[in-house]
>>> print(open('work_34.txt').read())   # compact mmCIF, N, CA and C atoms
# COMPACT_ATOMS: atom_id res chain seq x y z
N MET A 1 -6.39 33.39 -14.61
CA MET A 1 -5.85 32.13 -15.07
C MET A 1 -6.45 31.78 -16.43
N SER A 2 -5.62 31.23 -17.27
CA SER A 2 -6.06 30.92 -18.63
C SER A 2 -6.84 29.60 -18.67
N ASP A 3 -7.54 29.42 -19.78
CA ASP A 3 -8.28 28.18 -19.97
C ASP A 3 -7.33 26.99 -20.04
N ALA A 4 -6.16 27.17 -20.64
CA ALA A 4 -5.18 26.09 -20.75
C ALA A 4 -4.73 25.61 -19.37
N PHE A 5 -4.56 26.55 -18.45
CA PHE A 5 -4.16 26.19 -17.09
C PHE A 5 -5.23 25.31 -16.45
N TRP A 6 -6.49 25.72 -16.54
CA TRP A 6 -7.56 24.95 -15.91
C TRP A 6 -7.76 23.60 -16.58
N ILE A 7 -7.54 23.54 -17.87
CA ILE A 7 -7.62 22.26 -18.58
C ILE A 7 -6.52 21.33 -18.08
N ALA A 8 -5.31 21.87 -17.91
CA ALA A 8 -4.20 21.06 -17.39
C ALA A 8 -4.49 20.57 -15.97
N VAL A 9 -5.03 21.43 -15.14
CA VAL A 9 -5.38 21.05 -13.76
C VAL A 9 -6.43 19.94 -13.78
N LEU A 10 -7.46 20.10 -14.58
CA LEU A 10 -8.51 19.09 -14.67
C LEU A 10 -7.98 17.76 -15.20
N LEU A 11 -7.10 17.82 -16.19
CA LEU A 11 -6.50 16.58 -16.71
C LEU A 11 -5.67 15.88 -15.65
N PHE A 12 -4.89 16.66 -14.88
CA PHE A 12 -4.08 16.07 -13.82
C PHE A 12 -4.97 15.45 -12.75
N LEU A 13 -6.02 16.15 -12.35
CA LEU A 13 -6.94 15.61 -11.36
C LEU A 13 -7.63 14.35 -11.87
N PHE A 14 -8.04 14.37 -13.11
CA PHE A 14 -8.67 13.20 -13.70
C PHE A 14 -7.71 12.02 -13.72
N ALA A 15 -6.46 12.28 -14.09
CA ALA A 15 -5.46 11.21 -14.14
C ALA A 15 -5.18 10.63 -12.76
N THR A 16 -5.04 11.49 -11.77
CA THR A 16 -4.71 10.99 -10.43
C THR A 16 -5.92 10.30 -9.79
N VAL A 17 -7.07 10.92 -9.84
CA VAL A 17 -8.26 10.31 -9.25
C VAL A 17 -8.67 9.07 -10.04
N GLY A 18 -8.60 9.17 -11.34
CA GLY A 18 -8.98 8.04 -12.19
C GLY A 18 -8.09 6.82 -11.99
N THR A 19 -6.78 7.03 -11.94
CA THR A 19 -5.89 5.89 -11.74
C THR A 19 -5.99 5.33 -10.33
N ALA A 20 -6.25 6.19 -9.34
CA ALA A 20 -6.44 5.71 -7.96
C ALA A 20 -7.69 4.85 -7.87
N ALA A 21 -8.76 5.29 -8.51
CA ALA A 21 -9.99 4.51 -8.52
C ALA A 21 -9.78 3.18 -9.23
N TRP A 22 -9.08 3.22 -10.35
CA TRP A 22 -8.82 2.00 -11.12
C TRP A 22 -7.97 1.03 -10.29
N ALA A 23 -6.97 1.52 -9.59
CA ALA A 23 -6.13 0.67 -8.75
C ALA A 23 -6.96 0.04 -7.63
N GLY A 24 -7.84 0.82 -7.03
CA GLY A 24 -8.69 0.31 -5.97
C GLY A 24 -9.64 -0.77 -6.45
N ILE A 25 -10.15 -0.61 -7.65
CA ILE A 25 -11.04 -1.60 -8.23
C ILE A 25 -10.26 -2.84 -8.68
N ARG A 26 -9.14 -2.61 -9.30
CA ARG A 26 -8.34 -3.68 -9.91
C ARG A 26 -7.67 -4.58 -8.87
N ALA A 27 -7.13 -3.99 -7.80
CA ALA A 27 -6.37 -4.79 -6.85
C ALA A 27 -6.58 -4.35 -5.40
N ALA A 28 -6.38 -3.07 -5.11
CA ALA A 28 -6.53 -2.57 -3.74
C ALA A 28 -6.30 -1.07 -3.72
N PRO A 29 -6.95 -0.38 -2.80
CA PRO A 29 -6.63 1.05 -2.63
C PRO A 29 -5.24 1.17 -1.99
N TRP A 30 -4.63 2.34 -2.14
CA TRP A 30 -3.31 2.53 -1.57
C TRP A 30 -3.41 2.62 -0.06
N LEU A 31 -2.73 1.70 0.61
CA LEU A 31 -2.66 1.69 2.07
C LEU A 31 -1.22 1.34 2.42
N PRO A 32 -0.44 2.30 2.86
CA PRO A 32 0.99 2.05 3.11
C PRO A 32 1.25 1.00 4.19
N THR A 33 2.28 0.21 3.96
CA THR A 33 2.72 -0.78 4.94
C THR A 33 3.62 -0.10 5.96
N ARG A 34 3.43 -0.43 7.23
CA ARG A 34 4.25 0.17 8.28
C ARG A 34 5.68 -0.36 8.20
N ARG A 35 6.65 0.51 8.51
CA ARG A 35 8.07 0.15 8.40
C ARG A 35 8.42 -1.08 9.24
N LYS A 36 7.88 -1.19 10.46
CA LYS A 36 8.20 -2.36 11.29
C LYS A 36 7.66 -3.64 10.66
N ASP A 37 6.55 -3.55 9.95
CA ASP A 37 6.01 -4.72 9.27
C ASP A 37 6.85 -5.10 8.06
N ILE A 38 7.44 -4.11 7.41
CA ILE A 38 8.30 -4.38 6.25
C ILE A 38 9.51 -5.19 6.70
N ARG A 39 10.15 -4.76 7.75
CA ARG A 39 11.32 -5.50 8.27
C ARG A 39 10.92 -6.91 8.68
N ARG A 40 9.78 -7.03 9.34
CA ARG A 40 9.33 -8.34 9.79
C ARG A 40 9.07 -9.28 8.61
N LEU A 41 8.46 -8.76 7.54
CA LEU A 41 8.18 -9.62 6.40
C LEU A 41 9.46 -10.07 5.71
N PHE A 42 10.45 -9.20 5.62
CA PHE A 42 11.71 -9.61 4.99
C PHE A 42 12.49 -10.56 5.87
N ASP A 43 12.39 -10.40 7.18
CA ASP A 43 13.03 -11.36 8.08
C ASP A 43 12.37 -12.73 7.96
N LEU A 44 11.03 -12.75 7.90
CA LEU A 44 10.32 -14.02 7.73
C LEU A 44 10.63 -14.67 6.38
N ALA A 45 10.80 -13.85 5.35
CA ALA A 45 11.13 -14.37 4.02
C ALA A 45 12.61 -14.75 3.91
N GLU A 46 13.39 -14.42 4.94
CA GLU A 46 14.83 -14.66 4.95
C GLU A 46 15.50 -14.07 3.72
N LEU A 47 15.15 -12.82 3.45
CA LEU A 47 15.69 -12.10 2.30
C LEU A 47 17.19 -11.91 2.46
N LYS A 48 17.93 -12.23 1.40
CA LYS A 48 19.39 -12.13 1.42
C LYS A 48 19.85 -11.09 0.39
N ALA A 49 21.02 -10.55 0.64
CA ALA A 49 21.61 -9.58 -0.28
C ALA A 49 21.70 -10.19 -1.68
N GLY A 50 21.35 -9.39 -2.68
CA GLY A 50 21.42 -9.83 -4.07
C GLY A 50 20.16 -10.51 -4.58
N GLU A 51 19.24 -10.89 -3.68
CA GLU A 51 18.00 -11.49 -4.13
C GLU A 51 17.09 -10.41 -4.71
N THR A 52 16.06 -10.84 -5.41
CA THR A 52 15.14 -9.91 -6.07
C THR A 52 13.77 -9.96 -5.42
N VAL A 53 13.29 -8.77 -5.05
CA VAL A 53 11.97 -8.62 -4.43
C VAL A 53 11.05 -7.92 -5.42
N TYR A 54 9.86 -8.45 -5.61
CA TYR A 54 8.83 -7.79 -6.39
C TYR A 54 7.75 -7.32 -5.42
N ASP A 55 7.36 -6.08 -5.55
CA ASP A 55 6.26 -5.53 -4.74
C ASP A 55 5.12 -5.22 -5.70
N LEU A 56 4.03 -5.96 -5.57
CA LEU A 56 2.89 -5.81 -6.47
C LEU A 56 1.94 -4.78 -5.88
N GLY A 57 1.84 -3.64 -6.54
CA GLY A 57 1.09 -2.52 -6.00
C GLY A 57 1.97 -1.78 -5.01
N CYS A 58 3.11 -1.32 -5.49
CA CYS A 58 4.18 -0.81 -4.62
C CYS A 58 3.90 0.56 -4.01
N GLY A 59 2.84 1.23 -4.45
CA GLY A 59 2.52 2.53 -3.86
C GLY A 59 3.68 3.50 -3.97
N ASP A 60 4.09 4.06 -2.85
CA ASP A 60 5.16 5.07 -2.85
C ASP A 60 6.55 4.46 -2.77
N GLY A 61 6.68 3.15 -2.84
CA GLY A 61 7.98 2.51 -2.90
C GLY A 61 8.67 2.27 -1.57
N ARG A 62 7.95 2.41 -0.47
CA ARG A 62 8.62 2.26 0.83
C ARG A 62 9.15 0.85 1.05
N VAL A 63 8.45 -0.19 0.57
CA VAL A 63 8.94 -1.57 0.71
C VAL A 63 10.21 -1.75 -0.13
N LEU A 64 10.22 -1.15 -1.30
CA LEU A 64 11.37 -1.26 -2.19
C LEU A 64 12.61 -0.62 -1.58
N THR A 65 12.45 0.54 -0.96
CA THR A 65 13.61 1.24 -0.40
C THR A 65 14.19 0.49 0.79
N VAL A 66 13.36 -0.16 1.59
CA VAL A 66 13.87 -0.97 2.70
C VAL A 66 14.59 -2.20 2.15
N ALA A 67 14.02 -2.85 1.14
CA ALA A 67 14.65 -4.04 0.55
C ALA A 67 16.03 -3.70 -0.02
N ALA A 68 16.11 -2.60 -0.75
CA ALA A 68 17.38 -2.21 -1.38
C ALA A 68 18.38 -1.67 -0.36
N GLY A 69 17.89 -0.91 0.62
CA GLY A 69 18.78 -0.26 1.57
C GLY A 69 19.23 -1.16 2.70
N GLU A 70 18.30 -1.75 3.41
CA GLU A 70 18.65 -2.53 4.60
C GLU A 70 19.01 -3.97 4.30
N TYR A 71 18.56 -4.49 3.16
CA TYR A 71 18.81 -5.90 2.83
C TYR A 71 19.69 -6.07 1.59
N GLN A 72 20.07 -4.98 0.94
CA GLN A 72 20.89 -4.99 -0.27
C GLN A 72 20.31 -5.91 -1.35
N ALA A 73 19.00 -5.90 -1.47
CA ALA A 73 18.31 -6.70 -2.48
C ALA A 73 18.02 -5.83 -3.70
N HIS A 74 17.69 -6.49 -4.79
CA HIS A 74 17.19 -5.79 -5.98
C HIS A 74 15.68 -5.71 -5.80
N ALA A 75 15.12 -4.54 -5.97
CA ALA A 75 13.71 -4.33 -5.70
C ALA A 75 13.00 -3.80 -6.93
N VAL A 76 11.90 -4.44 -7.28
CA VAL A 76 11.10 -4.06 -8.45
C VAL A 76 9.66 -3.87 -7.99
N GLY A 77 9.10 -2.71 -8.30
CA GLY A 77 7.74 -2.42 -7.91
C GLY A 77 6.85 -2.13 -9.10
N PHE A 78 5.58 -2.51 -8.97
CA PHE A 78 4.57 -2.26 -9.99
C PHE A 78 3.46 -1.43 -9.38
N GLU A 79 3.06 -0.37 -10.06
CA GLU A 79 1.99 0.50 -9.56
C GLU A 79 1.20 1.05 -10.73
N ILE A 80 -0.14 1.12 -10.58
CA ILE A 80 -0.98 1.68 -11.64
C ILE A 80 -1.69 2.96 -11.21
N SER A 81 -1.47 3.39 -9.99
CA SER A 81 -2.06 4.64 -9.52
C SER A 81 -1.01 5.74 -9.64
N LEU A 82 -1.35 6.80 -10.35
CA LEU A 82 -0.37 7.83 -10.70
C LEU A 82 0.28 8.53 -9.51
N LEU A 83 -0.49 8.99 -8.56
CA LEU A 83 0.07 9.76 -7.45
C LEU A 83 1.05 8.96 -6.60
N PRO A 84 0.71 7.75 -6.14
CA PRO A 84 1.71 6.97 -5.40
C PRO A 84 2.94 6.64 -6.25
N TYR A 85 2.72 6.37 -7.54
CA TYR A 85 3.84 6.08 -8.43
C TYR A 85 4.81 7.27 -8.49
N LEU A 86 4.27 8.48 -8.64
CA LEU A 86 5.12 9.67 -8.67
C LEU A 86 5.84 9.86 -7.34
N ALA A 87 5.15 9.59 -6.23
CA ALA A 87 5.79 9.67 -4.91
C ALA A 87 6.91 8.64 -4.81
N GLY A 88 6.70 7.47 -5.39
CA GLY A 88 7.73 6.44 -5.41
C GLY A 88 8.95 6.85 -6.22
N LEU A 89 8.73 7.53 -7.33
CA LEU A 89 9.86 8.02 -8.12
C LEU A 89 10.69 9.03 -7.34
N ILE A 90 10.01 9.88 -6.58
CA ILE A 90 10.72 10.86 -5.75
C ILE A 90 11.49 10.14 -4.64
N ARG A 91 10.85 9.19 -3.98
CA ARG A 91 11.52 8.41 -2.92
C ARG A 91 12.75 7.70 -3.48
N ARG A 92 12.61 7.11 -4.67
CA ARG A 92 13.73 6.42 -5.31
C ARG A 92 14.86 7.39 -5.62
N ALA A 93 14.53 8.55 -6.16
CA ALA A 93 15.54 9.54 -6.54
C ALA A 93 16.36 10.00 -5.33
N MET A 94 15.76 10.02 -4.16
CA MET A 94 16.45 10.47 -2.95
C MET A 94 17.18 9.34 -2.23
N ASN A 95 17.05 8.12 -2.72
CA ASN A 95 17.62 6.96 -2.04
C ASN A 95 19.03 6.67 -2.57
N PRO A 96 20.00 6.50 -1.68
CA PRO A 96 21.36 6.19 -2.14
C PRO A 96 21.48 4.84 -2.83
N ASN A 97 20.53 3.95 -2.63
CA ASN A 97 20.55 2.63 -3.26
C ASN A 97 19.65 2.57 -4.49
N ARG A 98 19.39 3.73 -5.11
CA ARG A 98 18.42 3.80 -6.21
C ARG A 98 18.76 2.90 -7.39
N LYS A 99 20.02 2.55 -7.56
CA LYS A 99 20.37 1.67 -8.68
C LYS A 99 19.77 0.27 -8.52
N ASN A 100 19.41 -0.09 -7.31
CA ASN A 100 18.80 -1.39 -7.05
C ASN A 100 17.27 -1.34 -6.98
N ILE A 101 16.70 -0.18 -7.29
CA ILE A 101 15.25 -0.01 -7.21
C ILE A 101 14.70 0.33 -8.60
N LYS A 102 13.70 -0.43 -9.01
CA LYS A 102 13.02 -0.15 -10.28
C LYS A 102 11.53 -0.02 -10.00
N LEU A 103 10.95 1.04 -10.50
CA LEU A 103 9.50 1.23 -10.40
C LEU A 103 8.92 1.19 -11.80
N ARG A 104 7.85 0.45 -11.95
CA ARG A 104 7.19 0.35 -13.24
C ARG A 104 5.74 0.81 -13.11
N PHE A 105 5.37 1.73 -13.97
CA PHE A 105 3.97 2.16 -14.04
C PHE A 105 3.28 1.13 -14.92
N ALA A 106 2.90 0.01 -14.30
CA ALA A 106 2.39 -1.13 -15.07
C ALA A 106 1.46 -1.97 -14.21
N ASP A 107 0.65 -2.76 -14.88
CA ASP A 107 -0.28 -3.68 -14.25
C ASP A 107 0.46 -4.97 -13.93
N PHE A 108 0.58 -5.31 -12.66
CA PHE A 108 1.34 -6.50 -12.28
C PHE A 108 0.69 -7.79 -12.73
N TYR A 109 -0.60 -7.78 -13.03
CA TYR A 109 -1.25 -8.99 -13.54
C TYR A 109 -0.65 -9.40 -14.89
N ARG A 110 -0.11 -8.44 -15.60
CA ARG A 110 0.46 -8.72 -16.92
C ARG A 110 1.97 -8.93 -16.88
N ALA A 111 2.56 -8.85 -15.71
CA ALA A 111 4.01 -8.96 -15.57
C ALA A 111 4.41 -10.40 -15.24
N SER A 112 5.58 -10.75 -15.70
CA SER A 112 6.16 -12.04 -15.33
C SER A 112 6.80 -11.91 -13.95
N LEU A 113 6.56 -12.89 -13.12
CA LEU A 113 7.13 -12.89 -11.77
C LEU A 113 8.25 -13.91 -11.63
N LYS A 114 8.68 -14.49 -12.73
CA LYS A 114 9.63 -15.61 -12.68
C LYS A 114 11.01 -15.23 -12.12
N ASP A 115 11.41 -13.98 -12.22
CA ASP A 115 12.73 -13.58 -11.73
C ASP A 115 12.75 -13.22 -10.25
N ALA A 116 11.60 -13.25 -9.60
CA ALA A 116 11.52 -12.83 -8.20
C ALA A 116 11.91 -13.96 -7.26
N ASP A 117 12.67 -13.59 -6.23
CA ASP A 117 12.94 -14.52 -5.12
C ASP A 117 11.87 -14.36 -4.05
N VAL A 118 11.39 -13.13 -3.87
CA VAL A 118 10.34 -12.82 -2.90
C VAL A 118 9.32 -11.94 -3.61
N VAL A 119 8.05 -12.29 -3.46
CA VAL A 119 6.97 -11.46 -4.00
C VAL A 119 6.14 -10.98 -2.82
N TYR A 120 6.02 -9.65 -2.71
CA TYR A 120 5.22 -9.06 -1.64
C TYR A 120 4.00 -8.38 -2.25
N CYS A 121 2.86 -8.60 -1.62
CA CYS A 121 1.66 -7.90 -2.05
C CYS A 121 0.73 -7.75 -0.85
N PHE A 122 0.12 -6.60 -0.77
CA PHE A 122 -0.85 -6.28 0.27
C PHE A 122 -2.10 -5.85 -0.47
N LEU A 123 -2.91 -6.85 -0.84
CA LEU A 123 -4.03 -6.65 -1.76
C LEU A 123 -5.33 -7.16 -1.16
N THR A 124 -6.42 -6.92 -1.86
CA THR A 124 -7.71 -7.42 -1.44
C THR A 124 -7.78 -8.94 -1.66
N PRO A 125 -8.68 -9.62 -0.96
CA PRO A 125 -8.81 -11.07 -1.18
C PRO A 125 -9.13 -11.44 -2.63
N SER A 126 -9.94 -10.63 -3.31
CA SER A 126 -10.26 -10.96 -4.71
C SER A 126 -9.03 -10.80 -5.61
N ALA A 127 -8.19 -9.81 -5.33
CA ALA A 127 -6.96 -9.64 -6.10
C ALA A 127 -6.00 -10.81 -5.84
N MET A 128 -5.95 -11.25 -4.60
CA MET A 128 -5.08 -12.39 -4.27
C MET A 128 -5.56 -13.65 -4.99
N GLN A 129 -6.86 -13.81 -5.11
CA GLN A 129 -7.42 -14.96 -5.82
C GLN A 129 -7.00 -14.93 -7.29
N LYS A 130 -7.02 -13.73 -7.90
CA LYS A 130 -6.60 -13.61 -9.30
C LYS A 130 -5.12 -13.94 -9.47
N LEU A 131 -4.33 -13.66 -8.45
CA LEU A 131 -2.89 -13.92 -8.51
C LEU A 131 -2.52 -15.38 -8.26
N LYS A 132 -3.45 -16.14 -7.77
CA LYS A 132 -3.18 -17.51 -7.34
C LYS A 132 -2.44 -18.32 -8.41
N THR A 133 -2.83 -18.20 -9.65
CA THR A 133 -2.19 -18.98 -10.71
C THR A 133 -0.77 -18.50 -11.02
N LYS A 134 -0.47 -17.25 -10.74
CA LYS A 134 0.88 -16.71 -10.97
C LYS A 134 1.83 -17.25 -9.92
>>> encode(input="work_34.txt", output="structure tokens")
Amino acid sequence: MSDAFWIAVLLFLFATVGTAAWAGIRAAPWLPTRRKDIRRLFDLAELKAGETVYDLGCGDGRVLTVAAGEYQAHAVGFEISLLPYLAGLIRRAMNPNRKNIKLRFADFYRASLKDADVVYCFLTPSAMQKLKTK
């Protein structure tokens, strides 16, 4: 194997591990929400077709795909950890409702939430405290 190959592997590992660590420090480590809990949260939020859902720290996009597929909502997710974000892009690409799903490799603290009808986040208490003003 060439030096270029190993450099590429190390860069990829650094990017994935580094962004995962940063996400864990910044807001929360990636911990997927169970599908039955996703349905329950949207039922409690009384999510309606055409409404907009924001998922802060969307991970692999599972909340977004349920919102777009089962509730016909517009779903927008924010993620700063590379590996879950890439998994989310794959999940979105395979979803028939992908036109209603947007994933952003971005820090949700810097995003405007004004267009959201429902905001979902599964974060640490300190991250929730930072979001309080938003």
>>> residues_near_point(input="work_34.txt", point="(19.2, -6.8, 5.3)", cutoff="6.5 Å", atoms="all atoms listed in the file", output="ChimeraX atom specification")
/A:47,49,69-72
>>> closest_atom_pairs(input="work_34.txt", of="segment 9-89 of chain A", to="segment 99-112 of chain A", cutoff="10 Å", atoms="only C-alpha atoms", output="Markdown table")
| residue | atom | partner | partner_atom | distance |
| --- | --- | --- | --- | --- |
| A:Ala23 | CA | A:Asp107 | CA | 9.1 |
| A:Arg26 | CA | A:Asp107 | CA | 9.2 |
| A:Ala27 | CA | A:Tyr109 | CA | 9.4 |
| A:Gly50 | CA | A:Asn100 | CA | 9.3 |
| A:Thr52 | CA | A:Asn100 | CA | 9.3 |
| A:Val53 | CA | A:Ile101 | CA | 9.6 |
| A:Tyr54 | CA | A:Lys102 | CA | 9.5 |
| A:Asp55 | CA | A:Phe108 | CA | 9.1 |
| A:Leu56 | CA | A:Phe108 | CA | 6.1 |
| A:Gly57 | CA | A:Phe108 | CA | 7.4 |
| A:Cys58 | CA | A:Leu103 | CA | 8.1 |
| A:Gly59 | CA | A:Leu103 | CA | 9.7 |
| A:Asp60 | CA | A:Leu103 | CA | 9.5 |
| A:Gly61 | CA | A:Leu103 | CA | 7.8 |
| A:Leu64 | CA | A:Ile101 | CA | 6.5 |
| A:Thr65 | CA | A:Ile101 | CA | 7.1 |
| A:Ala67 | CA | A:Ile101 | CA | 8.8 |
| A:Ala68 | CA | A:Asn100 | CA | 5.9 |
| A:Gly69 | CA | A:Asn100 | CA | 8.7 |
| A:Gln72 | CA | A:Asn100 | CA | 8.0 |
| A:Ala73 | CA | A:Asn100 | CA | 7.0 |
| A:His74 | CA | A:Asn100 | CA | 4.8 |
| A:Ala75 | CA | A:Ile101 | CA | 4.8 |
| A:Val76 | CA | A:Lys102 | CA | 4.7 |
| A:Gly77 | CA | A:Leu103 | CA | 4.8 |
| A:Phe78 | CA | A:Arg104 | CA | 4.9 |
| A:Glu79 | CA | A:Phe105 | CA | 5.2 |
| A:Ile80 | CA | A:Phe105 | CA | 5.5 |
| A:Ser81 | CA | A:Phe105 | CA | 7.9 |
| A:Leu82 | CA | A:Phe105 | CA | 7.9 |
| A:Tyr85 | CA | A:Phe105 | CA | 6.8 |
| A:Leu86 | CA | A:Phe105 | CA | 9.3 |
| A:Gly88 | CA | A:Leu103 | CA | 7.4 |
| A:Leu89 | CA | A:Leu103 | CA | 7.2 |
>>> residues_around(input="work_34.txt", residues="Ala45 of chain A", least_positions_apart="6", cutoff="10 Å", atoms="only C-alpha atoms", output="PyMOL selection string")
chain A and resi 39+117-120
>>> closest_residue(input="work_34.txt", among="A:Leu10, A:Leu41, A:Ala28, A:Ala4", to="Pro125 of chain A", atoms="all atoms listed in the file")
A:Ala28
>>> select_by_dssp(input="work_34.txt", residues="chain A", states="alpha helix (DSSP H)", output="ChimeraX atom specification")
/A:3-26,35-44,62-70,82-93,125-131
